[in-house]
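The data block below is run_6.txt; it holds compact mmCIF, C-alpha atoms and all ligand atoms.
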# COMPACT_ATOMS: atom_id res chain seq x y z
CA MET A 1 137.21 46.94 55.44
CA GLN A 2 135.84 45.31 58.53
CA ARG A 3 137.36 46.14 61.84
CA LEU A 4 138.32 44.12 64.87
CA THR A 5 138.58 45.57 68.37
CA LEU A 6 140.72 43.70 70.84
CA ILE A 7 140.02 44.47 74.50
CA ILE A 8 142.77 43.79 77.03
CA PRO A 9 142.21 44.54 80.74
CA CYS A 10 145.54 45.18 82.46
CA TYR A 11 146.20 45.37 86.18
CA ASN A 12 149.83 45.56 87.28
CA GLU A 13 150.99 43.77 84.16
CA GLU A 14 154.35 45.51 83.53
CA ASP A 15 156.18 42.17 83.38
CA VAL A 16 154.02 40.71 80.69
CA LEU A 17 153.29 43.73 78.50
CA PRO A 18 156.41 43.56 76.27
CA LYS A 19 155.58 39.94 75.42
CA LEU A 20 151.94 40.84 74.90
CA PHE A 21 152.76 43.66 72.44
CA GLN A 22 155.06 41.35 70.52
CA ARG A 23 152.71 38.39 70.29
CA VAL A 24 149.63 40.41 69.44
CA ASP A 25 151.46 42.43 66.78
CA ALA A 26 152.73 39.20 65.26
CA VAL A 27 149.28 37.68 64.86
CA ALA A 28 147.41 40.88 64.01
CA ALA A 29 148.86 40.80 60.50
CA THR A 30 147.10 37.48 59.86
CA TRP A 31 143.61 38.76 60.68
CA GLY A 32 143.18 40.48 57.33
CA MET A 33 141.20 43.22 59.04
CA ASP A 34 141.57 46.75 60.16
CA TYR A 35 142.02 46.65 63.92
CA GLU A 36 142.31 48.61 67.16
CA ILE A 37 143.47 47.37 70.52
CA ILE A 38 141.96 48.90 73.63
CA CYS A 39 143.99 48.29 76.78
CA VAL A 40 142.17 49.21 79.95
CA ASP A 41 144.52 49.96 82.80
CA ASP A 42 142.50 49.01 85.85
CA GLY A 43 144.23 51.37 88.29
CA SER A 44 147.65 49.70 88.15
CA ARG A 45 150.30 50.80 90.59
CA ASP A 46 153.29 49.81 88.47
CA LEU A 47 154.51 50.98 85.07
CA THR A 48 151.57 49.52 83.13
CA TRP A 49 150.15 52.91 82.15
CA GLU A 50 153.49 54.36 81.04
CA MET A 51 154.15 51.28 78.94
CA LEU A 52 150.72 51.42 77.33
CA LYS A 53 151.20 55.08 76.44
CA ALA A 54 154.61 54.32 74.97
CA GLN A 55 153.08 51.59 72.85
CA ASN A 56 150.48 54.03 71.54
CA ALA A 57 153.27 56.44 70.59
CA LYS A 58 154.79 53.64 68.49
CA ASP A 59 151.58 52.37 66.95
CA THR A 60 148.36 54.33 67.28
CA ARG A 61 146.25 51.21 66.83
CA TRP A 62 147.17 50.47 70.45
CA ARG A 63 144.81 52.66 72.44
CA CYS A 64 144.53 52.85 76.17
CA LEU A 65 142.53 54.26 79.00
CA SER A 66 143.20 54.23 82.66
CA PHE A 67 140.78 54.00 85.56
CA ALA A 68 141.00 56.29 88.56
CA ARG A 69 141.35 53.22 90.77
CA ASN A 70 141.05 49.45 90.61
CA PHE A 71 137.50 48.69 89.53
CA GLY A 72 137.96 45.03 88.74
CA HIS A 73 138.42 42.90 85.67
CA GLN A 74 134.76 42.67 84.61
CA THR A 75 134.37 46.43 84.81
CA ALA A 76 137.57 46.97 82.82
CA VAL A 77 136.23 44.72 80.08
CA SER A 78 132.85 46.50 80.21
CA ALA A 79 134.61 49.83 79.63
CA GLY A 80 136.47 48.30 76.71
CA LEU A 81 133.17 47.13 75.22
CA TYR A 82 131.73 50.63 75.63
CA PHE A 83 134.54 52.23 73.64
CA ALA A 84 134.92 49.47 71.06
CA SER A 85 134.17 50.47 67.49
CA GLY A 86 134.85 47.16 65.75
CA ASP A 87 132.46 44.97 63.76
CA ALA A 88 133.77 42.17 65.92
CA VAL A 89 135.21 42.49 69.42
CA VAL A 90 137.59 40.03 71.06
CA ILE A 91 138.22 40.02 74.82
CA ILE A 92 141.53 38.60 75.96
CA ASP A 93 143.58 38.57 79.19
CA ALA A 94 146.83 40.49 79.33
CA ASP A 95 148.83 37.64 80.81
CA LEU A 96 148.79 35.57 77.60
CA GLN A 97 146.87 32.73 79.22
CA ASP A 98 144.50 33.10 76.31
CA PRO A 99 146.85 32.65 73.35
CA PRO A 100 146.45 35.52 70.83
CA GLU A 101 147.16 32.95 68.11
CA GLU A 102 143.68 31.49 68.76
CA ILE A 103 141.94 34.71 67.73
CA SER A 104 142.03 33.67 64.08
CA ARG A 105 139.99 30.58 64.99
CA LEU A 106 137.40 32.77 66.72
CA LEU A 107 137.32 34.95 63.62
CA ALA A 108 136.79 31.95 61.37
CA LYS A 109 133.65 31.00 63.32
CA TRP A 110 132.47 34.61 63.22
CA ARG A 111 132.86 34.61 59.46
CA ASP A 112 130.75 31.43 59.42
CA GLY A 113 127.93 33.54 60.83
CA PHE A 114 128.18 33.04 64.61
CA GLU A 115 127.67 36.17 66.67
CA VAL A 116 129.16 34.91 69.93
CA VAL A 117 132.21 32.68 69.77
CA PHE A 118 133.63 31.73 73.15
CA ALA A 119 136.72 29.75 73.91
CA THR A 120 136.31 26.70 76.13
CA ARG A 121 139.30 25.61 78.17
CA LYS A 122 140.36 22.07 77.59
CA LYS A 123 143.08 22.15 80.19
CA ARG A 124 143.56 24.69 82.93
CA GLN A 125 147.04 25.37 84.21
CA ASP A 126 145.75 26.85 87.45
CA PRO A 127 146.47 25.58 90.98
CA LEU A 128 144.54 22.45 92.00
CA LEU A 129 142.26 24.17 94.51
CA LYS A 130 141.25 26.83 91.96
CA ARG A 131 140.54 24.11 89.39
CA ILE A 132 138.35 22.15 91.81
CA LEU A 133 136.42 25.22 92.91
CA ALA A 134 135.93 26.38 89.32
CA TRP A 135 134.76 22.91 88.32
CA GLY A 136 132.19 22.83 91.14
CA PHE A 137 131.07 26.40 90.57
CA TYR A 138 130.31 26.04 86.87
CA ARG A 139 128.27 22.90 87.49
CA LEU A 140 126.38 24.45 90.41
CA LEU A 141 125.58 27.55 88.36
CA GLN A 142 124.33 25.41 85.50
CA ARG A 143 121.90 23.64 87.81
CA MET A 144 120.65 26.82 89.42
CA THR A 145 119.81 28.94 86.41
CA PRO A 146 117.50 28.23 83.50
CA LEU A 147 120.00 29.85 81.11
CA PRO A 148 122.29 27.52 79.16
CA MET A 149 125.40 28.69 81.03
CA THR A 150 128.61 27.51 79.46
CA ARG A 151 131.03 25.46 81.50
CA ASP A 152 134.73 26.09 81.70
CA SER A 153 134.77 29.07 79.41
CA GLY A 154 136.21 32.33 80.63
CA ASP A 155 135.96 35.79 79.18
CA PHE A 156 138.12 34.96 76.16
CA CYS A 157 135.59 35.34 73.38
CA LEU A 158 134.51 37.13 70.25
CA LEU A 159 131.36 39.21 70.15
CA ASP A 160 129.68 40.58 67.09
CA LYS A 161 128.88 44.30 67.08
CA LYS A 162 125.18 43.49 67.51
CA VAL A 163 125.89 41.65 70.77
CA VAL A 164 128.17 44.43 71.99
CA VAL A 165 125.37 46.95 71.48
CA VAL A 166 123.04 44.81 73.60
CA MET A 167 125.65 44.26 76.31
CA ASN A 168 126.41 47.98 76.50
CA ALA A 169 122.73 48.71 76.96
CA LEU A 170 122.46 46.42 79.99
CA PRO A 171 122.35 48.72 82.99
CA GLU A 172 123.39 46.35 85.75
CA ARG A 173 126.44 46.88 87.86
CA SER A 174 127.32 43.33 88.80
CA ARG A 175 128.75 42.44 85.46
CA TYR A 176 129.28 38.75 85.25
CA LEU A 177 130.11 39.00 81.57
CA ARG A 178 130.01 35.30 80.75
CA GLY A 179 126.46 35.22 82.10
CA LEU A 180 125.39 38.37 80.27
CA ARG A 181 126.91 36.95 77.10
CA THR A 182 124.80 33.82 77.44
CA TRP A 183 121.74 35.84 78.40
CA CYS A 184 121.99 37.84 75.14
CA GLY A 185 121.41 34.74 73.04
CA PHE A 186 122.27 35.13 69.34
CA ARG A 187 124.04 32.35 67.52
CA GLN A 188 126.73 31.00 69.79
CA ALA A 189 129.62 28.69 69.04
CA SER A 190 132.61 27.53 70.99
CA VAL A 191 136.22 26.82 70.18
CA VAL A 192 138.26 24.49 72.38
CA PHE A 193 141.75 25.54 73.38
CA ASP A 194 144.45 24.80 75.95
CA ARG A 195 144.75 27.56 78.49
CA ALA A 196 148.41 28.40 78.92
CA GLU A 197 150.20 29.38 82.08
CA ARG A 198 150.66 33.02 82.94
CA ALA A 199 153.50 34.35 80.76
CA ALA A 200 154.96 36.55 83.50
CA GLY A 201 154.02 38.42 86.65
CA LEU A 202 151.63 37.34 89.37
CA PRO A 203 147.94 36.50 89.14
CA GLN A 204 145.91 39.63 89.84
CA TYR A 205 142.77 37.70 90.59
CA THR A 206 143.08 37.02 94.29
CA PHE A 207 140.98 34.31 95.88
CA THR A 208 138.58 36.96 97.17
CA LYS A 209 138.16 38.46 93.70
CA SER A 210 137.45 35.06 92.17
CA PHE A 211 135.02 34.27 94.98
CA ASN A 212 133.20 37.58 94.48
CA LEU A 213 132.95 36.91 90.77
CA ALA A 214 131.44 33.50 91.47
CA MET A 215 128.92 35.07 93.87
CA ASP A 216 127.99 37.63 91.20
CA GLY A 217 127.48 34.84 88.73
CA LEU A 218 125.30 32.90 91.08
CA PHE A 219 123.18 35.63 92.60
CA SER A 220 122.77 37.74 89.47
CA PHE A 221 121.58 34.86 87.35
CA SER A 222 119.62 32.69 89.71
CA ALA A 223 116.84 33.14 92.22
CA ALA A 224 117.26 29.51 93.22
CA PRO A 225 119.11 30.33 96.48
CA LEU A 226 116.03 32.26 97.64
CA ARG A 227 113.92 29.21 97.03
CA MET A 228 116.55 27.09 98.71
CA ALA A 229 116.09 29.17 101.85
CA THR A 230 112.38 28.39 101.75
CA TYR A 231 113.02 24.67 101.28
CA LEU A 232 115.59 24.68 104.04
CA GLY A 233 113.04 26.31 106.35
CA LEU A 234 110.38 23.79 105.39
CA TRP A 235 112.69 20.85 105.98
CA VAL A 236 113.82 22.12 109.35
CA SER A 237 110.19 22.72 110.41
CA ALA A 238 109.22 19.22 109.26
CA PHE A 239 112.14 17.82 111.20
CA ALA A 240 111.19 19.79 114.30
CA PHE A 241 107.58 18.58 113.99
CA LEU A 242 108.78 14.97 113.85
CA GLY A 243 110.82 15.72 116.94
CA VAL A 244 107.68 16.90 118.75
CA VAL A 245 105.79 13.76 117.76
CA PHE A 246 108.70 11.61 118.87
CA THR A 247 108.91 13.35 122.25
CA PHE A 248 105.19 12.73 122.84
CA VAL A 249 105.40 9.07 121.95
CA GLN A 250 108.53 8.75 124.05
CA LYS A 251 106.73 10.21 127.07
CA ILE A 252 103.72 7.93 126.66
CA PHE A 253 105.77 4.76 126.16
CA ALA A 254 108.56 5.79 128.50
CA GLU A 255 108.94 2.26 129.87
CA GLN A 256 109.30 0.57 126.50
CA PHE A 257 111.69 3.26 125.26
CA GLY A 258 113.69 2.86 128.46
CA ARG A 259 114.23 -0.81 127.70
CA ILE A 260 115.91 0.00 124.37
CA GLY A 261 118.00 2.74 125.94
CA LEU A 262 115.92 5.70 124.73
CA ALA A 263 114.37 6.81 128.01
CA PRO A 264 113.34 10.48 127.99
CA GLY A 265 116.29 12.44 129.35
CA ALA A 266 116.63 15.86 130.84
CA GLY A 267 116.62 17.20 127.29
CA PHE A 268 119.47 19.64 127.66
CA PRO A 269 121.52 18.43 124.66
CA THR A 270 118.42 18.36 122.47
CA ILE A 271 117.70 21.99 123.25
CA VAL A 272 121.25 23.12 122.65
CA ILE A 273 121.45 21.25 119.37
CA SER A 274 118.14 22.48 118.06
CA VAL A 275 118.87 26.07 119.04
CA LEU A 276 122.23 25.96 117.30
CA PHE A 277 120.78 24.26 114.25
CA LEU A 278 117.89 26.69 113.91
CA GLY A 279 120.22 29.61 114.54
CA GLY A 280 122.44 28.37 111.74
CA VAL A 281 119.58 27.97 109.30
CA GLN A 282 118.27 31.43 110.11
CA LEU A 283 121.67 32.98 109.56
CA ILE A 284 122.02 31.22 106.21
CA CYS A 285 118.63 32.54 105.11
CA VAL A 286 119.40 36.06 106.26
CA GLY A 287 122.70 35.81 104.40
CA ILE A 288 120.96 34.77 101.21
CA LEU A 289 118.54 37.69 101.51
CA GLY A 290 121.53 39.92 102.15
CA GLU A 291 123.19 38.84 98.90
CA TYR A 292 120.19 40.00 96.93
CA ILE A 293 119.51 43.14 98.94
CA GLY A 294 123.16 44.14 98.66
CA ARG A 295 122.91 43.84 94.90
CA ILE A 296 119.67 45.84 94.82
CA TYR A 297 121.38 48.53 96.90
CA GLU A 298 124.33 48.69 94.49
CA GLU A 299 121.99 49.06 91.52
CA VAL A 300 119.79 51.68 93.17
CA LYS A 301 122.71 53.97 93.96
CA GLY A 302 123.22 54.25 90.22
CA ARG A 303 126.84 55.33 90.44
CA PRO A 304 128.89 55.14 87.26
CA LEU A 305 130.49 51.78 86.61
CA TRP A 306 133.97 53.25 86.28
CA ILE A 307 135.85 56.55 86.42
CA ILE A 308 138.38 57.35 83.74
CA ARG A 309 141.55 59.14 84.82
CA ASP A 310 143.25 59.41 81.47
CA SER A 311 142.98 58.06 77.97
CA VAL A 312 145.06 57.98 74.81
CA GLY A 313 143.54 57.43 71.39
CA VAL A 314 140.22 56.15 72.69
CA VAL A 315 137.25 58.01 71.28
CA PRO A 316 133.83 57.89 72.93
CA PRO A 317 131.32 56.14 70.69
CA GLU A 318 129.10 58.30 68.50
CA GLY A 319 126.13 59.84 70.24
CA LYS A 320 127.46 59.19 73.72
N1 LIG B 1 142.63 42.16 85.94
C1 LIG B 1 142.06 43.43 86.01
N2 LIG B 1 141.65 43.91 87.22
C2 LIG B 1 141.76 43.19 88.37
C3 LIG B 1 142.31 41.89 88.28
C4 LIG B 1 142.72 41.41 87.06
O1 LIG B 1 141.93 44.11 84.99
O2 LIG B 1 141.38 43.70 89.42
C5 LIG B 1 143.07 41.64 84.64
C6 LIG B 1 144.49 41.13 84.59
O3 LIG B 1 145.40 42.16 84.29
C7 LIG B 1 144.43 40.09 83.50
C8 LIG B 1 143.02 39.55 83.63
O4 LIG B 1 142.28 40.53 84.35
O5 LIG B 1 144.57 40.65 82.22
C9 LIG B 1 142.97 38.21 84.33
O6 LIG B 1 143.62 38.31 85.57
P1 LIG B 1 144.52 37.16 86.17
O7 LIG B 1 145.42 36.60 85.14
O8 LIG B 1 145.15 37.67 87.41
O9 LIG B 1 143.39 36.10 86.54
P2 LIG B 1 143.41 34.52 86.38
O10 LIG B 1 143.92 34.24 85.01
O11 LIG B 1 144.29 34.05 87.45
O12 LIG B 1 141.97 34.16 86.55
MG MG B 2 145.58 34.89 84.24

Can you turn what I pasted into structure tokens?
Amino acid sequence: MQRLTLIIPCYNEEDVLPKLFQRVDAVAATWGMDYEIICVDDGSRDLTWEMLKAQNAKDTRWRCLSFARNFGHQTAVSAGLYFASGDAVVIIDADLQDPPEEISRLLAKWRDGFEVVFATRKKRQDPLLKRILAWGFYRLLQRMTPLPMTRDSGDFCLLDKKVVVVMNALPERSRYLRGLRTWCGFRQASVVFDRAERAAGLPQYTFTKSFNLAMDGLFSFSAAPLRMATYLGLWVSAFAFLGVVFTFVQKIFAEQFGRIGLAPGAGFPTIVISVLFLGGVQLICVGILGEYIGRIYEEVKGRPLWIIRDSVGVVPPEGK
């Protein structure tokens, strides 16, 4: 019998877990597959870990592991992928924003022969600012990378075992999973769904975390910002050159310029403005370099992606 692995990253989700257990158990019976559920406790400070362990005591198909500290959502999912043993793997949020009822639709596509089935959000129930920023980000990313990045789809998806093997072999630390998923290729399909509101508890993705994720997406999948720095430099130089020409002409035809109110002045504001402008451009370019160098530094250190504090029922994959 084929097996499905469900990966659920959990960070301080004690409020939502009882509902999650109930809803997932209710739909699991309809999958017609053997299944395991791997909950990754991403260093929660509430009762998440105790509740996960209790669930495993009730039903050993619920397995869990806990990180030594908060490593972040993408890392939690990566750990889940590493330990997954299913023929198909589904990634879902703990807060029930991705309805577990939709998993059967992902499975249907998988049975049709698609190896990556991702869910595209029709409606987002998030705050307005987050919706606007997400909208802008996905479109910007699409323009800046040659990969066919998907818009408005989160991490809720199904991956065939073949794709999981490839993803697990990718060594990079900045794990923008939606990008890696696209990068892998294979036959991809999407399923449209309405993203629900959080069932309980508070969002664990702070603005900073979302921003960092967006930066990872951008800088790990596109070298366009580097080129942008070059273009910016070229434009500013061209502009400055025009300024030089203008100043010369202005000096030569001082009288005529004076008549239309453009007599050469003491030049103080011009200097201040150009110094500030150039300073700004230089800082932007240094910042862009920094984004890449920072990522190189993280990769070079080669530290493990996560540290496991405890686990129940999760077996390391064969040969690892
Ligand atoms: N999450 C996590 N580690 C974190 C932040 C979030 O594992 O540092 C999990 C969280 O428990 C949830 C999922 O990632 O299952 C999505 O988080 P959240 O609902 O807060 O994000 P949003 O839906 O607002 O993007
Ligand atoms: Mg959420």

Is it possible to get the residues within 8 Å of (121.4, 39.6, 77.1) (coordinates as in the file, counting all atoms listed in the file) written as a PDB file with C-alpha atoms, keeping the file's coordinate frame?
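The result, written out as selection-v7.pdb:
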ATOM      1  CA  VAL A 166     123.040  44.810  73.600  1.00  0.00           C
ATOM      2  CA  MET A 167     125.650  44.260  76.310  1.00  0.00           C
ATOM      3  CA  LEU A 170     122.460  46.420  79.990  1.00  0.00           C
ATOM      4  CA  LEU A 180     125.390  38.370  80.270  1.00  0.00           C
ATOM      5  CA  ARG A 181     126.910  36.950  77.100  1.00  0.00           C
ATOM      6  CA  THR A 182     124.800  33.820  77.440  1.00  0.00           C
ATOM      7  CA  TRP A 183     121.740  35.840  78.400  1.00  0.00           C
ATOM      8  CA  CYS A 184     121.990  37.840  75.140  1.00  0.00           C
ATOM      9  CA  GLY A 185     121.410  34.740  73.040  1.00  0.00           C
TER      10      GLY A 185
END

Give me the residues near region 104-116 of chain A as an NGL selection string, where near means some atom within 10 Å (using all atoms listed in the file) and where sequence neighbours in that chain fewer than 4 positions away do not count. :A and (4 or 27-28 or 30-32 or 88-90 or 100 or 156-164 or 181-182 or 184-193)

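Between CA of Ala76 (chain A) and CA of Tyr297 (chain A) the separation is 21.5 Å.
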
Fewer than 5 positions away in the same chain doesn't count, so skip those; otherwise give me all residues within 8 Å of Phe71 (chain A), counting only C-alpha atoms, as number ranges by chain. A: 42-43, 76, 306

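All residues, whether protein, DNA or RNA, that have an atom at most 6 Å from ligand MG 2 (chain B) (counting only C-alpha atoms and all ligand atoms) are A:Asp95, A:Gln97, A:Arg198, A:Pro203.
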
Protein and nucleic acid residues within 9 Å of ligand LIG 1 (chain B) (all atoms listed in the file) as a PyMOL selection string: chain A and resi 8-13+40-44+70-77+92-98+126+154+197-198+201-206+209-210

Mind checking which residues fall within 10 Å of Met215 (chain A), counting all atoms listed in the file, ignoring those fewer than 5 positions away in the same chain, and posting them as a compact mmCIF listing (two decimals) with C-alpha atoms, in the frame of the given file?
# COMPACT_ATOMS: atom_id res chain seq x y z
CA PHE A 137 131.07 26.40 90.57
CA LEU A 141 125.58 27.55 88.36
CA SER A 174 127.32 43.33 88.80
CA TYR A 176 129.28 38.75 85.25
CA LYS A 209 138.16 38.46 93.70
CA SER A 210 137.45 35.06 92.17
CA SER A 220 122.77 37.74 89.47
CA PHE A 221 121.58 34.86 87.35
CA GLU A 291 123.19 38.84 98.90

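Counting all atoms listed in the file, the residue from A:Met149, A:Cys39, A:Val314, A:Leu278 that sits nearest to Trp235 (chain A) is A:Leu278.
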
Taking all atoms listed in the file into account, which of A:Val165, A:Arg175, A:Pro264, A:Leu65 comes nearest Leu81 (chain A)?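 Using all atoms listed in the file, the shortest distance to Leu81 (chain A) belongs to A:Val165.
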
May I have the protein, DNA and RNA residues with an atom at most 10 Å from (137.1, 47.6, 66.9), counting only C-alpha atoms in the file's coordinates, returned as a count of residues only? 24

Grab all the atoms of region 230-233 of chain A that the file lists, wrap them in a box along x, y and z, add 6 Å per side, and give me centre plus edge lengths in Å (one decimal) as AutoDock Vina command-line options.
--center_x 114.0 --center_y 26.5 --center_z 103.8 --size_x 15.2 --size_y 15.7 --size_z 17.1

Atomic separation - CA of Asp152 (chain A) relative to CA of Arg121 (chain A), Å: 5.8 Å

Provide the CA of Ala26 (chain A) to CA of Glu102 (chain A) distance in Å, to one decimal place.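 These two atoms are separated by 12.4 Å.
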
Kindly write region 146-175 of chain A with N, CA and C atoms to a file, as a tab-separated table (two decimals), in the first residue's frame.
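Below you can see out13.tsv, which holds the result:
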chain	number	residue	atom	x	y	z
A	146	PRO	N	14.66	33.84	-13.76
A	146	PRO	CA	14.24	33.15	-14.98
A	146	PRO	C	13.35	31.94	-14.69
A	147	LEU	N	13.30	31.51	-13.41
A	147	LEU	CA	12.48	30.33	-13.10
A	147	LEU	C	11.00	30.70	-13.14
A	148	PRO	N	10.15	29.76	-13.53
A	148	PRO	CA	8.71	30.05	-13.55
A	148	PRO	C	8.12	30.03	-12.14
A	149	MET	N	8.48	31.01	-11.32
A	149	MET	CA	8.01	31.06	-9.93
A	149	MET	C	6.49	31.18	-9.89
A	150	THR	N	5.90	30.44	-8.98
A	150	THR	CA	4.44	30.49	-8.89
A	150	THR	C	4.02	31.67	-8.02
A	151	ARG	N	2.91	32.27	-8.40
A	151	ARG	CA	2.40	33.39	-7.62
A	151	ARG	C	1.39	32.89	-6.59
A	152	ASP	N	1.35	33.54	-5.48
A	152	ASP	CA	0.28	33.32	-4.52
A	152	ASP	C	0.10	31.86	-4.09
A	153	SER	N	1.19	31.11	-4.12
A	153	SER	CA	1.06	29.77	-3.56
A	153	SER	C	2.07	29.67	-2.43
A	154	GLY	N	1.62	29.13	-1.32
A	154	GLY	CA	2.49	29.03	-0.15
A	154	GLY	C	3.17	27.68	-0.13
A	155	ASP	N	3.39	27.19	1.08
A	155	ASP	CA	4.10	25.92	1.19
A	155	ASP	C	3.15	24.73	1.17
A	156	PHE	N	1.85	25.00	1.18
A	156	PHE	CA	0.86	23.91	1.14
A	156	PHE	C	0.97	23.21	-0.21
A	157	CYS	N	1.51	22.00	-0.20
A	157	CYS	CA	1.69	21.31	-1.47
A	157	CYS	C	1.91	19.82	-1.25
A	158	LEU	N	1.89	19.11	-2.35
A	158	LEU	CA	2.20	17.68	-2.33
A	158	LEU	C	3.45	17.46	-3.17
A	159	LEU	N	4.37	16.67	-2.65
A	159	LEU	CA	5.58	16.36	-3.40
A	159	LEU	C	5.71	14.85	-3.53
A	160	ASP	N	6.02	14.42	-4.72
A	160	ASP	CA	6.28	13.00	-4.92
A	160	ASP	C	7.63	12.65	-4.27
A	161	LYS	N	7.79	11.39	-3.93
A	161	LYS	CA	9.03	10.93	-3.30
A	161	LYS	C	10.27	11.36	-4.09
A	162	LYS	N	10.15	11.28	-5.43
A	162	LYS	CA	11.30	11.63	-6.29
A	162	LYS	C	11.75	13.06	-6.04
A	163	VAL	N	10.76	13.95	-5.88
A	163	VAL	CA	11.07	15.37	-5.67
A	163	VAL	C	11.67	15.56	-4.27
A	164	VAL	N	11.13	14.82	-3.31
A	164	VAL	CA	11.63	14.93	-1.94
A	164	VAL	C	13.10	14.53	-1.89
A	165	VAL	N	13.45	13.48	-2.61
A	165	VAL	CA	14.85	13.03	-2.65
A	165	VAL	C	15.74	14.16	-3.18
A	166	VAL	N	15.29	14.81	-4.24
A	166	VAL	CA	16.08	15.91	-4.82
A	166	VAL	C	16.19	17.07	-3.82
A	167	MET	N	15.06	17.42	-3.22
A	167	MET	CA	15.07	18.55	-2.28
A	167	MET	C	16.00	18.27	-1.09
A	168	ASN	N	15.96	17.02	-0.60
A	168	ASN	CA	16.81	16.68	0.54
A	168	ASN	C	18.28	16.74	0.18
A	169	ALA	N	18.58	16.55	-1.09
A	169	ALA	CA	19.98	16.56	-1.50
A	169	ALA	C	20.50	17.98	-1.72
A	170	LEU	N	19.61	18.97	-1.74
A	170	LEU	CA	20.07	20.34	-1.95
A	170	LEU	C	20.75	20.83	-0.67
A	171	PRO	N	21.99	21.28	-0.78
A	171	PRO	CA	22.74	21.57	0.43
A	171	PRO	C	22.48	22.96	1.03
A	172	GLU	N	21.78	23.83	0.30
A	172	GLU	CA	21.76	25.21	0.78
A	172	GLU	C	20.99	25.43	2.08
A	173	ARG	N	21.41	26.47	2.76
A	173	ARG	CA	20.83	26.77	4.06
A	173	ARG	C	19.64	27.71	3.96
A	174	SER	N	19.70	28.67	3.05
A	174	SER	CA	18.52	29.53	2.94
A	174	SER	C	17.48	28.78	2.14
A	175	ARG	N	16.55	28.20	2.86
A	175	ARG	CA	15.62	27.27	2.23
A	175	ARG	C	14.30	27.96	1.95
